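One file, my_file-v3.cif, is given below (mmCIF, C-alpha atoms).
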```
data_run
#
loop_
_atom_site.label_atom_id
_atom_site.label_comp_id
_atom_site.auth_asym_id
_atom_site.auth_seq_id
_atom_site.Cartn_x
_atom_site.Cartn_y
_atom_site.Cartn_z
CA GLN A 1 -103.54 46.95 55.65
CA VAL A 2 -101.01 45.48 53.24
CA THR A 3 -97.85 47.55 52.98
CA PRO A 4 -94.88 46.29 51.00
CA VAL A 5 -91.53 47.30 52.49
CA GLU A 6 -88.49 47.35 50.23
CA SER A 7 -84.82 47.10 51.12
CA GLY A 8 -81.49 46.43 49.43
CA GLY A 9 -81.01 49.48 47.25
CA GLY A 10 -77.72 51.30 47.01
CA SER A 11 -74.98 52.63 44.77
CA VAL A 12 -72.84 50.28 42.73
CA GLN A 13 -70.73 50.37 39.60
CA SER A 14 -71.61 49.21 36.13
CA GLY A 15 -71.44 45.43 35.87
CA ASP A 16 -72.13 44.86 39.56
CA SER A 17 -75.08 43.06 41.13
CA LEU A 18 -77.70 43.95 43.74
CA ARG A 19 -80.52 42.06 45.38
CA LEU A 20 -83.67 43.87 46.43
CA SER A 21 -86.06 42.45 49.01
CA CYS A 22 -89.69 43.25 49.70
CA VAL A 23 -91.70 42.01 52.66
CA ILE A 24 -95.44 41.86 52.00
CA ARG A 25 -97.02 40.76 55.25
CA GLY A 26 -100.62 39.76 55.36
CA TYR A 27 -100.89 39.07 51.64
CA MET A 28 -98.73 36.29 50.35
CA SER A 29 -99.60 34.02 53.24
CA SER A 30 -103.36 34.23 52.75
CA GLY A 31 -103.47 31.44 50.20
CA ALA A 32 -105.43 33.56 47.71
CA THR A 33 -104.37 34.37 44.19
CA TYR A 34 -101.95 37.28 44.11
CA CYS A 35 -99.35 39.00 42.03
CA ALA A 36 -96.24 40.72 43.34
CA GLY A 37 -93.78 42.69 41.33
CA TRP A 38 -91.06 45.24 40.96
CA PHE A 39 -91.42 48.54 39.16
CA ARG A 40 -88.99 51.39 38.65
CA GLN A 41 -89.14 55.09 38.02
CA ALA A 42 -86.31 57.22 36.72
CA GLY A 43 -88.34 60.15 35.44
CA LEU A 44 -92.01 60.78 34.99
CA GLY A 45 -93.14 57.26 34.14
CA ARG A 46 -93.13 54.16 36.30
CA GLU A 47 -92.30 51.06 34.33
CA ALA A 48 -92.82 47.43 35.22
CA VAL A 49 -89.67 45.40 35.66
CA ALA A 50 -90.84 41.92 36.68
CA VAL A 51 -93.87 40.25 38.24
CA ILE A 52 -94.51 36.89 39.85
CA LYS A 53 -97.80 35.10 40.43
CA ASN A 54 -98.62 33.01 43.45
CA ASP A 55 -98.04 29.88 41.32
CA GLY A 56 -94.50 31.03 40.56
CA THR A 57 -95.08 32.21 36.99
CA THR A 58 -92.81 35.14 36.15
CA THR A 59 -92.86 37.83 33.47
CA TYR A 60 -90.09 40.31 32.70
CA ALA A 61 -89.68 43.52 30.80
CA ASP A 62 -87.52 43.04 27.71
CA SER A 63 -84.93 45.46 29.07
CA VAL A 64 -84.09 43.18 32.01
CA LYS A 65 -84.55 39.68 30.58
CA GLY A 66 -81.50 37.54 31.20
CA ARG A 67 -80.14 39.96 33.83
CA PHE A 68 -82.83 40.21 36.51
CA THR A 69 -84.57 37.39 38.38
CA ILE A 70 -87.69 37.74 40.50
CA SER A 71 -88.49 35.15 43.14
CA ARG A 72 -90.56 34.79 46.28
CA ALA A 73 -90.30 32.98 49.56
CA LYS A 74 -93.68 32.24 51.08
CA PHE A 75 -92.26 31.28 54.47
CA ASN A 76 -91.14 34.87 55.13
CA ASN A 77 -93.58 36.74 52.84
CA THR A 78 -90.72 38.16 50.81
CA VAL A 79 -90.27 38.90 47.13
CA TYR A 80 -86.75 39.31 45.76
CA LEU A 81 -85.25 40.93 42.70
CA GLU A 82 -81.78 39.72 41.83
CA MET A 83 -80.17 42.23 39.47
CA ASN A 84 -77.00 41.33 37.60
CA ASN A 85 -74.82 43.14 35.08
CA LEU A 86 -76.26 46.48 36.07
CA THR A 87 -75.77 49.52 33.87
CA PRO A 88 -76.41 53.24 34.44
CA VAL A 89 -79.68 52.82 32.52
CA ASP A 90 -80.97 50.74 35.46
CA THR A 91 -80.64 53.72 37.80
CA ALA A 92 -84.07 54.43 39.30
CA VAL A 93 -86.22 54.22 42.38
CA TYR A 94 -87.44 50.64 42.58
CA TYR A 95 -90.90 49.99 43.97
CA CYS A 96 -92.44 46.77 45.17
CA ALA A 97 -96.15 46.24 44.60
CA ALA A 98 -98.82 43.62 45.09
CA GLY A 99 -102.24 43.00 43.62
CA GLY A 100 -104.85 40.43 42.77
CA GLY A 101 -103.43 39.35 39.42
CA CYS A 102 -100.51 39.90 37.07
CA ALA A 103 -101.47 42.00 34.05
CA VAL A 104 -99.41 41.30 30.94
CA VAL A 105 -99.64 43.14 27.62
CA ALA A 106 -97.76 41.89 24.56
CA GLY A 107 -95.64 39.66 26.76
CA ALA A 108 -94.58 42.43 29.10
CA PRO A 109 -95.81 43.16 32.64
CA VAL A 110 -97.81 46.31 33.33
CA ARG A 111 -98.81 48.03 36.55
CA PHE A 112 -102.57 47.57 36.11
CA GLY A 113 -104.13 45.80 39.06
CA MET A 114 -101.40 46.55 41.56
CA TYR A 115 -103.17 47.84 44.66
CA TYR A 116 -100.46 48.02 47.28
CA TRP A 117 -97.21 49.92 46.85
CA GLY A 118 -94.07 50.34 48.89
CA LYS A 119 -92.23 53.63 49.28
CA GLY A 120 -89.36 52.61 47.04
CA THR A 121 -85.64 52.10 47.31
CA GLN A 122 -83.02 53.99 45.30
CA VAL A 123 -80.68 52.10 43.00
CA THR A 124 -77.84 54.08 41.45
CA ILE A 125 -75.39 52.66 38.93
CA SER A 126 -72.25 54.58 38.06
CA SER A 127 -70.18 53.96 34.93
#
```
I need this file expressed as structure tokens, please.
Amino acid sequence: QVTPVESGGGSVQSGDSLRLSCVIRGYMSSGATYCAGWFRQAGLGREAVAVIKNDGTTTYADSVKGRFTISRAKFNNTVYLEMNNLTPVDTAVYYCAAGGGCAVVAGAPVRFGMYYWGKGTQVTISS
């Protein structure tokens, strides 16, 4: 069973930075094609933030381009989300997910194809 486990959330002020981590054991080390990503939910909808393929290709939502960076470290099965210049609009529960491929629509990542989800970590930005 593949279960992503997130960490690194918290409460910070506008303009600050945070780094989220997600361990996805049993998936990234298999050598197969995969996609891992970060999604967030502040209300009813869960939106894609950034995804990364096993070859290192990344795709970002327009709202975070230039501020957030997704990366992965195969040696410890971890995916990171470096978030800079945070604003209250970024406040949400952030979820890590993994699947067989990264779905992109009109240049933006979408959640289609993500099979495995973590429980989420809260990120709160105060002004």
Might you spell out which residues the PyMOL selection byres ((chain A and resi 127) around 8) would select in the displayed file, as a short mmCIF file (atom, residue, chain, number, x, y, z; two decimals) with C-alpha atoms, keeping the file's coordinate frame?
```
data_model
loop_
_atom_site.label_atom_id
_atom_site.label_comp_id
_atom_site.auth_asym_id
_atom_site.auth_seq_id
_atom_site.Cartn_x
_atom_site.Cartn_y
_atom_site.Cartn_z
CA GLN A 13 -70.73 50.37 39.60
CA SER A 14 -71.61 49.21 36.13
CA THR A 87 -75.77 49.52 33.87
CA PRO A 88 -76.41 53.24 34.44
CA ILE A 125 -75.39 52.66 38.93
CA SER A 126 -72.25 54.58 38.06
#
```
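With distances restricted to all atoms listed in the file, A:Phe68 is the closest residue to Leu20 (chain A) from A:Phe68, A:Gly100, A:Val89, A:Gln1.
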Matched chain/residue IDs from the PyMOL selection byres ((chain A and resi 112) around 12), as a list of chain:residue names: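 Selected by the PyMOL selection byres ((chain A and resi 112) around 12) in this file: A:Cys35, A:Ala36, A:Gly37, A:Phe39, A:Arg46, A:Glu47, A:Ala48, A:Val51, A:Ala97, A:Ala98, A:Gly99, A:Gly100, A:Gly101, A:Cys102, A:Ala103, A:Val104, A:Val105, A:Ala108, A:Pro109, A:Val110, A:Arg111, A:Gly113, A:Met114, A:Tyr115, A:Tyr116.
Picture a line from CA of Asn54 (chain A) to CA of Asp90 (chain A); it runs 26.3 Å.
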Pro4 (chain A) environment, 12 Å, only C-alpha atoms, sequence neighbours closer than 5 positions dropped, as a list in words: Ser21, Cys22, Val23, Ile24, Arg25, Gly26, Tyr27, Met28, Ala36, Gly37, Trp38, Asn77, Thr78, Val79, Tyr80, Tyr95, Cys96, Ala97, Ala98, Gly99, Met114, Tyr115, Tyr116, Trp117, Gly118, Lys119, Gly120 and Thr121 of chain A
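Using all atoms listed in the file, the shortest contact distance between Val64 (chain A) and any of A:Ala42, A:Val123, A:Leu18, A:Val49 is found at A:Val49.
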Build an axis-aligned box that encloses every atom of region 80-92 of chain A listed in the file, pad it by 4 Å on each side, and report its centre and edge lengths in Å to one decimal, as lines of an AutoDock Vina configuration file.
```
center_x = -80.8
center_y = 46.9
center_z = 39.1
size_x = 19.9
size_y = 23.1
size_z = 21.2
```
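Across the model, the gap from CA of Asp16 (chain A) to CA of Gln41 (chain A) is 19.9 Å.
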Option closest in space to Lys53 (chain A), from A:Gly10, A:Gly66, A:Asn85, A:Tyr34 [counting all atoms listed in the file]: A:Tyr34
d(CA of Gly107 (chain A), CA of Thr57 (chain A)) in Å: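 Going from CA of Gly107 (chain A) over to CA of Thr57 (chain A), I get 12.7 Å.
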Counting only C-alpha atoms, the option among A:Ala106, A:Met83, A:Ala92, A:Ile70 closest to Gly15 (chain A): A:Met83
Closest of A:Val2, A:Ile52, A:Leu44, A:Ala73 to Val93 (chain A) - atom-to-atom distances counting all atoms listed in the file: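 Looking at the shortest contact to Val93 (chain A), the residue is A:Leu44.
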Given only C-alpha atoms as the counted atoms, nearest of A:Gly8, A:Thr91, A:Asp55, A:Arg19 to Thr69 (chain A):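 For Thr69 (chain A), the nearest of the candidates is A:Arg19.
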